[in-house]
Amino acid sequence: MATNKTPGNWRRRTQAVRGGQVRTAFQETCEPLLMTAGYAYEEAEQAEARFKGESPGFQYSRLANPTVSMFEQRMALLEGAPLARATATGMAAVSAVFLGALKTGDHVVSATAVFGSCRYVIETVLPRFGITCTFVDGSDLAAWQAAMRPETKLLFVETPSNPTLAIVDIAAVAKIAQAGGARLVVDNAFATPALQRPMELGAHIVVHSSTKFIDGQGRALGGAILCHQDFLDENLQQFLRNTGPSLSPFNAWLHLKSLETLELRMRAHCDSATKVADFLAGHAKVRRVLYPFRDDHPQAALARAQMSAGGGVVTFEIGGAKPEAFRFANALRIVDISNNLGDTKSLITHPETTTHQKMTPQARAAAGVTSGMLRLSVGLEDADDLCEDLDQALKAI
Ligand SMILES: *Cc1c(COP(=O)(O)O)cnc(C)c1O
């Protein structure tokens, strides 16, 4: 198979289309989908050499697969990361980072506002192995600093966060981690590398749910871990190979092709989300709009400093509580009610009763989730149609 030329020197849009591509003897223009579990050896001696690590090539798709490797290389180029490893889901990526890097006695500091399943892993799974955690308000740098202990190994943030779109200062928290001999892990699912590259701001590890904007079409689950060689060697490679959260070559192939249009799609998502946010902010039945690039977002300046656009998600509060929120959602004709996000189709969810239902009322309040709050993932439909749909549904309240 022939490897591509020098993708490191290319600009982002060229990397997105051609980075990581490897052609087989058929010289196909589209990346090949190599849907195979195993690989044949020319002779027994070659198998022996490959298992010894003395012969390059593939052995078994739990360990590595050519199509998955192409997706990993393209992801690393777009994130400006030394390397990437793909996983079956975003949660497989998050879990592998924690379980691969931590041992009994270690300590984690996490922002309070993180994805519900990430919180479950940190709060419920890790303590079973004697790993403790402190949750802090992500925007409070003094709280991050105060939570650091000699045994702190990982700091975890999601920015913008789900569903309140709170922003964490990646560079500042990375410095706190570095000074304490720990690593900062950033969940970059909401922004994607098209809008934000945490490693360039000092983050040590980036995790992704490629299920969201990277797939972009609501089809396939996937995840990725971006890190440096030392973290891979010491904490991740053997863990991933032996526990097996591998991404299917089919899903890798879909995500690889999706990366080609990621920047173009994100630009369209952001343009429409901006229009929708402005429309909602001017509506009499909307109490509050949260969108990172609007001047009324409490951290708009920080968002502008570390992101190139505000993202595809808009969160807002209507006048009223759960009954009004349900009446509004049920009246929508274009926007679907769905807890997924990052699809071409606009999707709305009521976090209190879905994604954040399992939290205690106190934890929900601490995360800023209210009864009248709705999270809208703005798709690629015409923004005027979306505003008209939201307008007619707001009349139902
Ligand atoms: C969806 C999501 C995850 C989990 O990803 P899966 O692919 O569903 O496992 C993690 N973090 C964030 C921010 C997400 O939106």
# chains A, B, ... in the order shown; residues from 1 in each chain; ligands from 1
>>> residues_near_ligand(ligand="ligand 1", cutoff="10 Å", atoms="only C-alpha atoms and all ligand atoms", output="PDB file with N, CA and C atoms, in the first residue's frame")
ATOM      1  N   THR A  87     -11.846   4.842  19.218  1.00  0.00           N
ATOM      2  CA  THR A  87     -12.571   3.916  20.098  1.00  0.00           C
ATOM      3  C   THR A  87     -14.011   3.757  19.603  1.00  0.00           C
ATOM      4  N   ALA A  88     -14.701   2.770  20.162  1.00  0.00           N
ATOM      5  CA  ALA A  88     -16.042   2.417  19.690  1.00  0.00           C
ATOM      6  C   ALA A  88     -17.068   3.519  19.949  1.00  0.00           C
ATOM      7  N   THR A  89     -16.890   4.283  21.023  1.00  0.00           N
ATOM      8  CA  THR A  89     -17.795   5.379  21.379  1.00  0.00           C
ATOM      9  C   THR A  89     -16.970   6.467  22.076  1.00  0.00           C
ATOM     10  N   GLY A  90     -17.613   7.612  22.304  1.00  0.00           N
ATOM     11  CA  GLY A  90     -16.953   8.657  23.083  1.00  0.00           C
ATOM     12  C   GLY A  90     -16.703   8.199  24.507  1.00  0.00           C
ATOM     13  N   MET A  91     -17.649   7.458  25.087  1.00  0.00           N
ATOM     14  CA  MET A  91     -17.477   7.002  26.470  1.00  0.00           C
ATOM     15  C   MET A  91     -16.370   5.950  26.583  1.00  0.00           C
ATOM     16  N   ALA A  92     -16.162   5.161  25.530  1.00  0.00           N
ATOM     17  CA  ALA A  92     -15.032   4.219  25.547  1.00  0.00           C
ATOM     18  C   ALA A  92     -13.719   5.002  25.590  1.00  0.00           C
ATOM     19  N   ALA A  93     -13.671   6.143  24.898  1.00  0.00           N
ATOM     20  CA  ALA A  93     -12.459   6.983  24.910  1.00  0.00           C
ATOM     21  C   ALA A  93     -12.219   7.554  26.305  1.00  0.00           C
ATOM     22  N   VAL A  94     -13.266   8.114  26.902  1.00  0.00           N
ATOM     23  CA  VAL A  94     -13.142   8.717  28.239  1.00  0.00           C
ATOM     24  C   VAL A  94     -12.744   7.648  29.256  1.00  0.00           C
ATOM     25  N   SER A  95     -13.421   6.500  29.225  1.00  0.00           N
ATOM     26  CA  SER A  95     -13.152   5.428  30.193  1.00  0.00           C
ATOM     27  C   SER A  95     -11.733   4.897  30.044  1.00  0.00           C
ATOM     28  N   ALA A 113     -19.731  20.670  35.446  1.00  0.00           N
ATOM     29  CA  ALA A 113     -20.555  20.617  34.238  1.00  0.00           C
ATOM     30  C   ALA A 113     -19.885  19.743  33.186  1.00  0.00           C
ATOM     31  N   VAL A 114     -20.086  18.421  33.298  1.00  0.00           N
ATOM     32  CA  VAL A 114     -19.601  17.500  32.274  1.00  0.00           C
ATOM     33  C   VAL A 114     -20.745  16.566  31.881  1.00  0.00           C
ATOM     34  N   PHE A 115     -20.581  15.896  30.751  1.00  0.00           N
ATOM     35  CA  PHE A 115     -21.549  14.938  30.226  1.00  0.00           C
ATOM     36  C   PHE A 115     -21.900  13.901  31.308  1.00  0.00           C
ATOM     37  N   GLY A 116     -23.187  13.544  31.412  1.00  0.00           N
ATOM     38  CA  GLY A 116     -23.666  12.684  32.490  1.00  0.00           C
ATOM     39  C   GLY A 116     -22.902  11.377  32.646  1.00  0.00           C
ATOM     40  N   SER A 117     -22.573  10.708  31.533  1.00  0.00           N
ATOM     41  CA  SER A 117     -21.860   9.439  31.632  1.00  0.00           C
ATOM     42  C   SER A 117     -20.421   9.646  32.099  1.00  0.00           C
ATOM     43  N   CYS A 118     -19.811  10.775  31.742  1.00  0.00           N
ATOM     44  CA  CYS A 118     -18.454  11.082  32.234  1.00  0.00           C
ATOM     45  C   CYS A 118     -18.516  11.236  33.747  1.00  0.00           C
ATOM     46  N   ARG A 119     -19.553  11.901  34.215  1.00  0.00           N
ATOM     47  CA  ARG A 119     -19.720  12.090  35.644  1.00  0.00           C
ATOM     48  C   ARG A 119     -19.895  10.746  36.351  1.00  0.00           C
ATOM     49  N   VAL A 157     -12.166  18.444  31.802  1.00  0.00           N
ATOM     50  CA  VAL A 157     -13.143  19.487  31.480  1.00  0.00           C
ATOM     51  C   VAL A 157     -13.804  19.199  30.141  1.00  0.00           C
ATOM     52  N   GLU A 158     -14.990  19.778  30.009  1.00  0.00           N
ATOM     53  CA  GLU A 158     -15.703  19.762  28.746  1.00  0.00           C
ATOM     54  C   GLU A 158     -16.004  21.235  28.481  1.00  0.00           C
ATOM     55  N   THR A 159     -15.608  21.742  27.324  1.00  0.00           N
ATOM     56  CA  THR A 159     -15.874  23.150  27.022  1.00  0.00           C
ATOM     57  C   THR A 159     -16.104  23.335  25.532  1.00  0.00           C
ATOM     58  N   PRO A 160     -17.236  23.945  25.109  1.00  0.00           N
ATOM     59  CA  PRO A 160     -18.374  24.356  25.934  1.00  0.00           C
ATOM     60  C   PRO A 160     -19.051  23.138  26.551  1.00  0.00           C
ATOM     61  N   SER A 161     -19.682  23.353  27.712  1.00  0.00           N
ATOM     62  CA  SER A 161     -20.254  22.227  28.440  1.00  0.00           C
ATOM     63  C   SER A 161     -21.712  22.003  28.049  1.00  0.00           C
ATOM     64  N   ASN A 162     -22.174  20.809  28.375  1.00  0.00           N
ATOM     65  CA  ASN A 162     -23.537  20.379  28.078  1.00  0.00           C
ATOM     66  C   ASN A 162     -24.375  20.457  29.353  1.00  0.00           C
ATOM     67  N   PRO A 163     -25.523  21.115  29.400  1.00  0.00           N
ATOM     68  CA  PRO A 163     -26.190  21.828  28.314  1.00  0.00           C
ATOM     69  C   PRO A 163     -26.035  23.351  28.420  1.00  0.00           C
ATOM     70  N   VAL A 186      -9.310  17.252  27.868  1.00  0.00           N
ATOM     71  CA  VAL A 186     -10.422  18.092  27.396  1.00  0.00           C
ATOM     72  C   VAL A 186     -11.335  17.269  26.493  1.00  0.00           C
ATOM     73  N   ASP A 187     -12.627  17.258  26.812  1.00  0.00           N
ATOM     74  CA  ASP A 187     -13.646  16.657  25.953  1.00  0.00           C
ATOM     75  C   ASP A 187     -14.042  17.730  24.935  1.00  0.00           C
ATOM     76  N   ASN A 188     -13.648  17.514  23.670  1.00  0.00           N
ATOM     77  CA  ASN A 188     -13.817  18.542  22.628  1.00  0.00           C
ATOM     78  C   ASN A 188     -14.992  18.239  21.696  1.00  0.00           C
ATOM     79  N   ALA A 189     -15.963  17.460  22.180  1.00  0.00           N
ATOM     80  CA  ALA A 189     -17.059  16.997  21.312  1.00  0.00           C
ATOM     81  C   ALA A 189     -17.937  18.138  20.804  1.00  0.00           C
ATOM     82  N   PHE A 190     -18.201  19.138  21.652  1.00  0.00           N
ATOM     83  CA  PHE A 190     -19.095  20.222  21.232  1.00  0.00           C
ATOM     84  C   PHE A 190     -18.432  21.150  20.216  1.00  0.00           C
ATOM     85  N   ALA A 191     -17.153  21.430  20.388  1.00  0.00           N
ATOM     86  CA  ALA A 191     -16.486  22.394  19.499  1.00  0.00           C
ATOM     87  C   ALA A 191     -15.928  21.732  18.241  1.00  0.00           C
ATOM     88  N   VAL A 207     -10.289  14.173  24.218  1.00  0.00           N
ATOM     89  CA  VAL A 207     -11.166  13.044  23.917  1.00  0.00           C
ATOM     90  C   VAL A 207     -12.352  13.549  23.100  1.00  0.00           C
ATOM     91  N   HIS A 208     -12.881  12.642  22.280  1.00  0.00           N
ATOM     92  CA  HIS A 208     -13.989  12.984  21.393  1.00  0.00           C
ATOM     93  C   HIS A 208     -15.065  11.928  21.402  1.00  0.00           C
ATOM     94  N   SER A 209     -16.299  12.367  21.295  1.00  0.00           N
ATOM     95  CA  SER A 209     -17.360  11.520  20.805  1.00  0.00           C
ATOM     96  C   SER A 209     -17.485  11.876  19.336  1.00  0.00           C
ATOM     97  N   SER A 210     -17.018  11.002  18.437  1.00  0.00           N
ATOM     98  CA  SER A 210     -17.156  11.310  17.000  1.00  0.00           C
ATOM     99  C   SER A 210     -18.566  10.998  16.518  1.00  0.00           C
ATOM    100  N   THR A 211     -19.394  10.474  17.441  1.00  0.00           N
ATOM    101  CA  THR A 211     -20.818  10.255  17.171  1.00  0.00           C
ATOM    102  C   THR A 211     -21.526  11.568  16.822  1.00  0.00           C
ATOM    103  N   LYS A 212     -21.032  12.665  17.348  1.00  0.00           N
ATOM    104  CA  LYS A 212     -21.740  13.945  17.261  1.00  0.00           C
ATOM    105  C   LYS A 212     -21.389  14.686  15.971  1.00  0.00           C
ATOM    106  N   PHE A 213     -20.764  15.858  16.060  1.00  0.00           N
ATOM    107  CA  PHE A 213     -20.542  16.658  14.851  1.00  0.00           C
ATOM    108  C   PHE A 213     -19.561  16.002  13.877  1.00  0.00           C
ATOM    109  N   ALA A 220     -23.412   6.907  13.026  1.00  0.00           N
ATOM    110  CA  ALA A 220     -22.527   5.901  13.616  1.00  0.00           C
ATOM    111  C   ALA A 220     -21.879   6.407  14.898  1.00  0.00           C
ATOM    112  N   LEU A 221     -21.766   5.500  15.885  1.00  0.00           N
ATOM    113  CA  LEU A 221     -21.069   5.813  17.131  1.00  0.00           C
ATOM    114  C   LEU A 221     -19.554   5.732  16.918  1.00  0.00           C
ATOM    115  N   GLY A 222     -18.827   6.531  17.669  1.00  0.00           N
ATOM    116  CA  GLY A 222     -17.371   6.452  17.612  1.00  0.00           C
ATOM    117  C   GLY A 222     -16.744   7.417  18.588  1.00  0.00           C
ATOM    118  N   GLY A 223     -15.459   7.235  18.818  1.00  0.00           N
ATOM    119  CA  GLY A 223     -14.736   8.132  19.718  1.00  0.00           C
ATOM    120  C   GLY A 223     -13.268   8.174  19.362  1.00  0.00           C
ATOM    121  N   ALA A 224     -12.551   9.099  19.985  1.00  0.00           N
ATOM    122  CA  ALA A 224     -11.109   9.204  19.728  1.00  0.00           C
ATOM    123  C   ALA A 224     -10.404   9.782  20.942  1.00  0.00           C
ATOM    124  N   ASN A 339     -32.384  13.374  22.155  1.00  0.00           N
ATOM    125  CA  ASN A 339     -31.282  13.760  23.047  1.00  0.00           C
ATOM    126  C   ASN A 339     -29.931  13.711  22.342  1.00  0.00           C
ATOM    127  N   ASN A 340     -29.894  13.268  21.075  1.00  0.00           N
ATOM    128  CA  ASN A 340     -28.623  13.293  20.350  1.00  0.00           C
ATOM    129  C   ASN A 340     -28.339  14.732  19.912  1.00  0.00           C
ATOM    130  N   LEU A 341     -27.149  14.971  19.400  1.00  0.00           N
ATOM    131  CA  LEU A 341     -26.799  16.304  18.897  1.00  0.00           C
ATOM    132  C   LEU A 341     -25.746  16.168  17.810  1.00  0.00           C
ATOM    133  N   GLY A 342     -25.516  17.264  17.097  1.00  0.00           N
ATOM    134  CA  GLY A 342     -24.480  17.256  16.065  1.00  0.00           C
ATOM    135  C   GLY A 342     -24.923  16.577  14.782  1.00  0.00           C
TER     136      GLY A 342
END
>>> closest_atom_pairs(of="range 215-316 of chain A", to="range 16-33 of chain A", cutoff="9 Å", atoms="only C-alpha atoms", output="tab-separated table")
residue	atom	partner	partner_atom	distance
A:Pro249	CA	A:Leu33	CA	6.7
A:Phe250	CA	A:Leu33	CA	6.6
A:Ala252	CA	A:Leu33	CA	8.6
A:Trp253	CA	A:Leu33	CA	6.0
A:Leu256	CA	A:Glu31	CA	8.3
A:Lys257	CA	A:Val17	CA	8.0
A:Leu259	CA	A:Ala16	CA	5.7
A:Glu260	CA	A:Val17	CA	4.5
A:Thr261	CA	A:Ala16	CA	7.5
A:Leu262	CA	A:Ala16	CA	7.8
A:Glu263	CA	A:Ala16	CA	8.4
>>> residues_around(residues="Val136 in chain A", least_positions_apart="2", cutoff="10 Å", atoms="only C-alpha atoms", output="PDB file with all heavy atoms, in the first residue's frame")
ATOM      1  N   VAL A 109      -9.455  15.802  39.395  1.00  0.00           N
ATOM      2  CA  VAL A 109     -10.264  17.014  39.572  1.00  0.00           C
ATOM      3  C   VAL A 109     -11.065  17.201  38.286  1.00  0.00           C
ATOM      4  O   VAL A 109     -10.490  17.183  37.191  1.00  0.00           O
ATOM      5  CB  VAL A 109      -9.404  18.270  39.844  1.00  0.00           C
ATOM      6  CG1 VAL A 109     -10.314  19.458  40.166  1.00  0.00           C
ATOM      7  CG2 VAL A 109      -8.417  18.024  40.975  1.00  0.00           C
ATOM      8  N   SER A 110     -12.383  17.367  38.427  1.00  0.00           N
ATOM      9  CA  SER A 110     -13.239  17.517  37.242  1.00  0.00           C
ATOM     10  C   SER A 110     -14.133  18.735  37.392  1.00  0.00           C
ATOM     11  O   SER A 110     -14.567  19.070  38.495  1.00  0.00           O
ATOM     12  CB  SER A 110     -14.111  16.268  37.081  1.00  0.00           C
ATOM     13  OG  SER A 110     -15.096  16.487  36.084  1.00  0.00           O
ATOM     14  N   ALA A 111     -14.419  19.380  36.271  1.00  0.00           N
ATOM     15  CA  ALA A 111     -15.448  20.426  36.279  1.00  0.00           C
ATOM     16  C   ALA A 111     -16.791  19.764  36.595  1.00  0.00           C
ATOM     17  O   ALA A 111     -17.020  18.613  36.221  1.00  0.00           O
ATOM     18  CB  ALA A 111     -15.506  21.110  34.920  1.00  0.00           C
ATOM     19  N   THR A 112     -17.661  20.471  37.305  1.00  0.00           N
ATOM     20  CA  THR A 112     -18.996  19.950  37.637  1.00  0.00           C
ATOM     21  C   THR A 112     -19.820  19.731  36.374  1.00  0.00           C
ATOM     22  O   THR A 112     -20.521  18.729  36.245  1.00  0.00           O
ATOM     23  CB  THR A 112     -19.741  20.956  38.550  1.00  0.00           C
ATOM     24  OG1 THR A 112     -18.884  21.259  39.634  1.00  0.00           O
ATOM     25  CG2 THR A 112     -21.040  20.394  39.054  1.00  0.00           C
ATOM     26  N   ALA A 113     -19.731  20.670  35.446  1.00  0.00           N
ATOM     27  CA  ALA A 113     -20.555  20.617  34.238  1.00  0.00           C
ATOM     28  C   ALA A 113     -19.885  19.743  33.186  1.00  0.00           C
ATOM     29  O   ALA A 113     -19.152  20.238  32.328  1.00  0.00           O
ATOM     30  CB  ALA A 113     -20.783  22.022  33.702  1.00  0.00           C
ATOM     31  N   CYS A 133     -12.128  11.793  43.689  1.00  0.00           N
ATOM     32  CA  CYS A 133     -12.373  12.906  42.773  1.00  0.00           C
ATOM     33  C   CYS A 133     -12.902  14.126  43.500  1.00  0.00           C
ATOM     34  O   CYS A 133     -13.641  13.992  44.478  1.00  0.00           O
ATOM     35  CB  CYS A 133     -13.383  12.478  41.724  1.00  0.00           C
ATOM     36  SG  CYS A 133     -13.765  13.831  40.609  1.00  0.00           S
ATOM     37  N   THR A 134     -12.529  15.294  43.030  1.00  0.00           N
ATOM     38  CA  THR A 134     -13.102  16.553  43.499  1.00  0.00           C
ATOM     39  C   THR A 134     -13.745  17.254  42.309  1.00  0.00           C
ATOM     40  O   THR A 134     -13.111  17.376  41.259  1.00  0.00           O
ATOM     41  CB  THR A 134     -11.994  17.465  44.080  1.00  0.00           C
ATOM     42  OG1 THR A 134     -11.251  16.724  45.048  1.00  0.00           O
ATOM     43  CG2 THR A 134     -12.589  18.707  44.725  1.00  0.00           C
ATOM     44  N   GLY A 138     -16.015  24.893  36.873  1.00  0.00           N
ATOM     45  CA  GLY A 138     -14.977  24.971  35.848  1.00  0.00           C
ATOM     46  C   GLY A 138     -14.437  26.362  35.587  1.00  0.00           C
ATOM     47  O   GLY A 138     -13.298  26.527  35.146  1.00  0.00           O
ATOM     48  N   SER A 139     -15.262  27.376  35.857  1.00  0.00           N
ATOM     49  CA  SER A 139     -14.834  28.748  35.556  1.00  0.00           C
ATOM     50  C   SER A 139     -14.028  29.369  36.699  1.00  0.00           C
ATOM     51  O   SER A 139     -13.494  30.466  36.562  1.00  0.00           O
ATOM     52  CB  SER A 139     -16.058  29.626  35.263  1.00  0.00           C
ATOM     53  OG  SER A 139     -16.842  29.748  36.432  1.00  0.00           O
ATOM     54  N   ASP A 140     -13.927  28.659  37.835  1.00  0.00           N
ATOM     55  CA  ASP A 140     -13.278  29.199  39.031  1.00  0.00           C
ATOM     56  C   ASP A 140     -11.834  28.673  39.129  1.00  0.00           C
ATOM     57  O   ASP A 140     -11.588  27.583  39.662  1.00  0.00           O
ATOM     58  CB  ASP A 140     -14.109  28.790  40.254  1.00  0.00           C
ATOM     59  CG  ASP A 140     -13.594  29.399  41.551  1.00  0.00           C
ATOM     60  OD1 ASP A 140     -12.471  29.961  41.559  1.00  0.00           O
ATOM     61  OD2 ASP A 140     -14.315  29.282  42.561  1.00  0.00           O
ATOM     62  N   LEU A 141     -10.885  29.453  38.629  1.00  0.00           N
ATOM     63  CA  LEU A 141      -9.493  28.982  38.574  1.00  0.00           C
ATOM     64  C   LEU A 141      -8.918  28.742  39.970  1.00  0.00           C
ATOM     65  O   LEU A 141      -8.122  27.816  40.174  1.00  0.00           O
ATOM     66  CB  LEU A 141      -8.622  29.972  37.800  1.00  0.00           C
ATOM     67  CG  LEU A 141      -8.949  30.087  36.300  1.00  0.00           C
ATOM     68  CD1 LEU A 141      -8.093  31.158  35.640  1.00  0.00           C
ATOM     69  CD2 LEU A 141      -8.775  28.749  35.586  1.00  0.00           C
ATOM     70  N   ALA A 142      -9.362  29.556  40.952  1.00  0.00           N
ATOM     71  CA  ALA A 142      -8.884  29.360  42.331  1.00  0.00           C
ATOM     72  C   ALA A 142      -9.357  28.014  42.877  1.00  0.00           C
ATOM     73  O   ALA A 142      -8.631  27.337  43.618  1.00  0.00           O
ATOM     74  CB  ALA A 142      -9.380  30.497  43.220  1.00  0.00           C
ATOM     75  N   ALA A 143     -10.565  27.601  42.466  1.00  0.00           N
ATOM     76  CA  ALA A 143     -11.090  26.310  42.916  1.00  0.00           C
ATOM     77  C   ALA A 143     -10.292  25.152  42.310  1.00  0.00           C
ATOM     78  O   ALA A 143     -10.018  24.148  42.988  1.00  0.00           O
ATOM     79  CB  ALA A 143     -12.566  26.186  42.543  1.00  0.00           C
ATOM     80  N   TRP A 144      -9.907  25.269  41.033  1.00  0.00           N
ATOM     81  CA  TRP A 144      -9.053  24.239  40.412  1.00  0.00           C
ATOM     82  C   TRP A 144      -7.759  24.118  41.206  1.00  0.00           C
ATOM     83  O   TRP A 144      -7.322  23.024  41.561  1.00  0.00           O
ATOM     84  CB  TRP A 144      -8.708  24.600  38.964  1.00  0.00           C
ATOM     85  CG  TRP A 144      -9.799  24.381  37.962  1.00  0.00           C
ATOM     86  CD1 TRP A 144     -10.610  25.338  37.426  1.00  0.00           C
ATOM     87  CD2 TRP A 144     -10.207  23.146  37.358  1.00  0.00           C
ATOM     88  NE1 TRP A 144     -11.488  24.773  36.523  1.00  0.00           N
ATOM     89  CE2 TRP A 144     -11.259  23.436  36.456  1.00  0.00           C
ATOM     90  CE3 TRP A 144      -9.773  21.823  37.478  1.00  0.00           C
ATOM     91  CZ2 TRP A 144     -11.885  22.441  35.687  1.00  0.00           C
ATOM     92  CZ3 TRP A 144     -10.402  20.843  36.711  1.00  0.00           C
ATOM     93  CH2 TRP A 144     -11.446  21.155  35.836  1.00  0.00           C
ATOM     94  N   GLN A 145      -7.146  25.292  41.469  1.00  0.00           N
ATOM     95  CA  GLN A 145      -5.868  25.312  42.171  1.00  0.00           C
ATOM     96  C   GLN A 145      -6.001  24.688  43.557  1.00  0.00           C
ATOM     97  O   GLN A 145      -5.185  23.859  43.968  1.00  0.00           O
ATOM     98  CB  GLN A 145      -5.372  26.769  42.282  1.00  0.00           C
ATOM     99  CG  GLN A 145      -3.972  26.901  42.838  1.00  0.00           C
ATOM    100  CD  GLN A 145      -2.933  26.207  41.969  1.00  0.00           C
ATOM    101  OE1 GLN A 145      -2.745  26.568  40.808  1.00  0.00           O
ATOM    102  NE2 GLN A 145      -2.279  25.168  42.506  1.00  0.00           N
ATOM    103  N   ALA A 146      -7.082  25.067  44.274  1.00  0.00           N
ATOM    104  CA  ALA A 146      -7.269  24.587  45.647  1.00  0.00           C
ATOM    105  C   ALA A 146      -7.523  23.079  45.698  1.00  0.00           C
ATOM    106  O   ALA A 146      -7.241  22.431  46.711  1.00  0.00           O
ATOM    107  CB  ALA A 146      -8.429  25.334  46.294  1.00  0.00           C
ATOM    108  N   ALA A 147      -8.073  22.522  44.606  1.00  0.00           N
ATOM    109  CA  ALA A 147      -8.407  21.086  44.602  1.00  0.00           C
ATOM    110  C   ALA A 147      -7.201  20.197  44.328  1.00  0.00           C
ATOM    111  O   ALA A 147      -7.260  18.981  44.525  1.00  0.00           O
ATOM    112  CB  ALA A 147      -9.493  20.824  43.557  1.00  0.00           C
TER     113      ALA A 147
END
>>> select_by_dssp(residues="range 129-329 of chain A", states="strand (DSSP E)", output="PyMOL selection string")
chain A and resi 132-136+152-158+183-187+205-209+223-227+286-290+313-318
>>> residues_around(residues="range 34-42 of chain A", least_positions_apart="3", cutoff="9 Å", atoms="only C-alpha atoms", output="MDAnalysis selection string")
chainID A and resid 45:47 57:62 65:68 248:250 253
>>> select_by_dssp(residues="range 191-269 of chain A", states="helix (DSSP H, G or I)", output="ChimeraX atom specification")
/A:192-195,198-201,229-243,249-259,262-269
>>> closest_residue(among="A:Phe98, A:Pro82, A:Ala177, A:Met148", to="Pro127 in chain A", atoms="only C-alpha atoms")
A:Phe98
>>> residues_around(residues="Ala268 in chain A", least_positions_apart="3", cutoff="9 Å", atoms="only C-alpha atoms", output="ChimeraX atom specification")
/A:263-265,271-273,312,379-380
>>> residues_around(residues="Val314 in chain A", least_positions_apart="2", cutoff="7 Å", atoms="only C-alpha atoms", output="MDAnalysis selection string")
chainID A and resid 273 277 290:291 312 316 375:377
>>> write_last_selection(atoms="N, CA, C and O atoms", output="PDB file, in the first residue's frame")
ATOM      1  N   ALA A 273     -26.858  28.632  13.954  1.00  0.00           N
ATOM      2  CA  ALA A 273     -27.040  28.714  15.409  1.00  0.00           C
ATOM      3  C   ALA A 273     -27.017  30.178  15.858  1.00  0.00           C
ATOM      4  O   ALA A 273     -27.778  30.571  16.746  1.00  0.00           O
ATOM      5  N   ALA A 277     -30.078  31.818  17.724  1.00  0.00           N
ATOM      6  CA  ALA A 277     -29.861  32.391  19.062  1.00  0.00           C
ATOM      7  C   ALA A 277     -30.354  33.835  19.097  1.00  0.00           C
ATOM      8  O   ALA A 277     -31.021  34.251  20.053  1.00  0.00           O
ATOM      9  N   LEU A 290     -28.449  31.101  25.925  1.00  0.00           N
ATOM     10  CA  LEU A 290     -27.028  30.868  26.175  1.00  0.00           C
ATOM     11  C   LEU A 290     -26.380  30.441  24.866  1.00  0.00           C
ATOM     12  O   LEU A 290     -26.713  29.381  24.318  1.00  0.00           O
ATOM     13  N   TYR A 291     -25.485  31.292  24.350  1.00  0.00           N
ATOM     14  CA  TYR A 291     -24.736  30.952  23.146  1.00  0.00           C
ATOM     15  C   TYR A 291     -23.363  31.602  23.277  1.00  0.00           C
ATOM     16  O   TYR A 291     -23.256  32.810  23.501  1.00  0.00           O
ATOM     17  N   GLY A 312     -22.587  24.713  17.318  1.00  0.00           N
ATOM     18  CA  GLY A 312     -23.880  24.391  16.726  1.00  0.00           C
ATOM     19  C   GLY A 312     -25.000  24.180  17.723  1.00  0.00           C
ATOM     20  O   GLY A 312     -26.092  23.766  17.338  1.00  0.00           O
ATOM     21  N   PHE A 316     -31.590  27.525  25.759  1.00  0.00           N
ATOM     22  CA  PHE A 316     -32.430  28.679  26.134  1.00  0.00           C
ATOM     23  C   PHE A 316     -33.466  28.275  27.169  1.00  0.00           C
ATOM     24  O   PHE A 316     -33.774  27.092  27.339  1.00  0.00           O
ATOM     25  N   ARG A 375     -32.299  22.436  25.136  1.00  0.00           N
ATOM     26  CA  ARG A 375     -31.037  22.449  24.393  1.00  0.00           C
ATOM     27  C   ARG A 375     -31.335  22.119  22.935  1.00  0.00           C
ATOM     28  O   ARG A 375     -31.885  21.064  22.630  1.00  0.00           O
ATOM     29  N   LEU A 376     -30.965  23.035  22.059  1.00  0.00           N
ATOM     30  CA  LEU A 376     -31.245  22.868  20.638  1.00  0.00           C
ATOM     31  C   LEU A 376     -29.944  22.669  19.862  1.00  0.00           C
ATOM     32  O   LEU A 376     -29.063  23.531  19.879  1.00  0.00           O
ATOM     33  N   SER A 377     -29.826  21.519  19.203  1.00  0.00           N
ATOM     34  CA  SER A 377     -28.700  21.275  18.307  1.00  0.00           C
ATOM     35  C   SER A 377     -29.161  21.732  16.930  1.00  0.00           C
ATOM     36  O   SER A 377     -30.054  21.125  16.325  1.00  0.00           O
TER      37      SER A 377
END
>>> atom_distance(atom1="CA of His228 in chain A", atom2="CA of Ala81 in chain A")
7.3 Å
>>> closest_residue(among="A:Gly372, A:Gly282, A:Pro292, A:Pro298", to="Ala321 in chain A", atoms="only C-alpha atoms")
A:Gly372
>>> closest_residue(among="A:Asp106, A:Tyr120, A:His269, A:Ala76", to="Glu381 in chain A", atoms="only C-alpha atoms")
A:His269
>>> atom_distance(atom1="CA of His204 in chain A", atom2="CA of His356 in chain A")
28.2 Å
>>> closest_residue(among="A:Arg74, A:Arg304, A:Arg85, A:Lys395", to="Ala329 in chain A", atoms="only C-alpha atoms")
A:Lys395
>>> residues_around(residues="range 151-156 of chain A", least_positions_apart="2", cutoff="6 Å", atoms="only C-alpha atoms", output="MDAnalysis selection string")
chainID A and resid 106:110 149 182:185
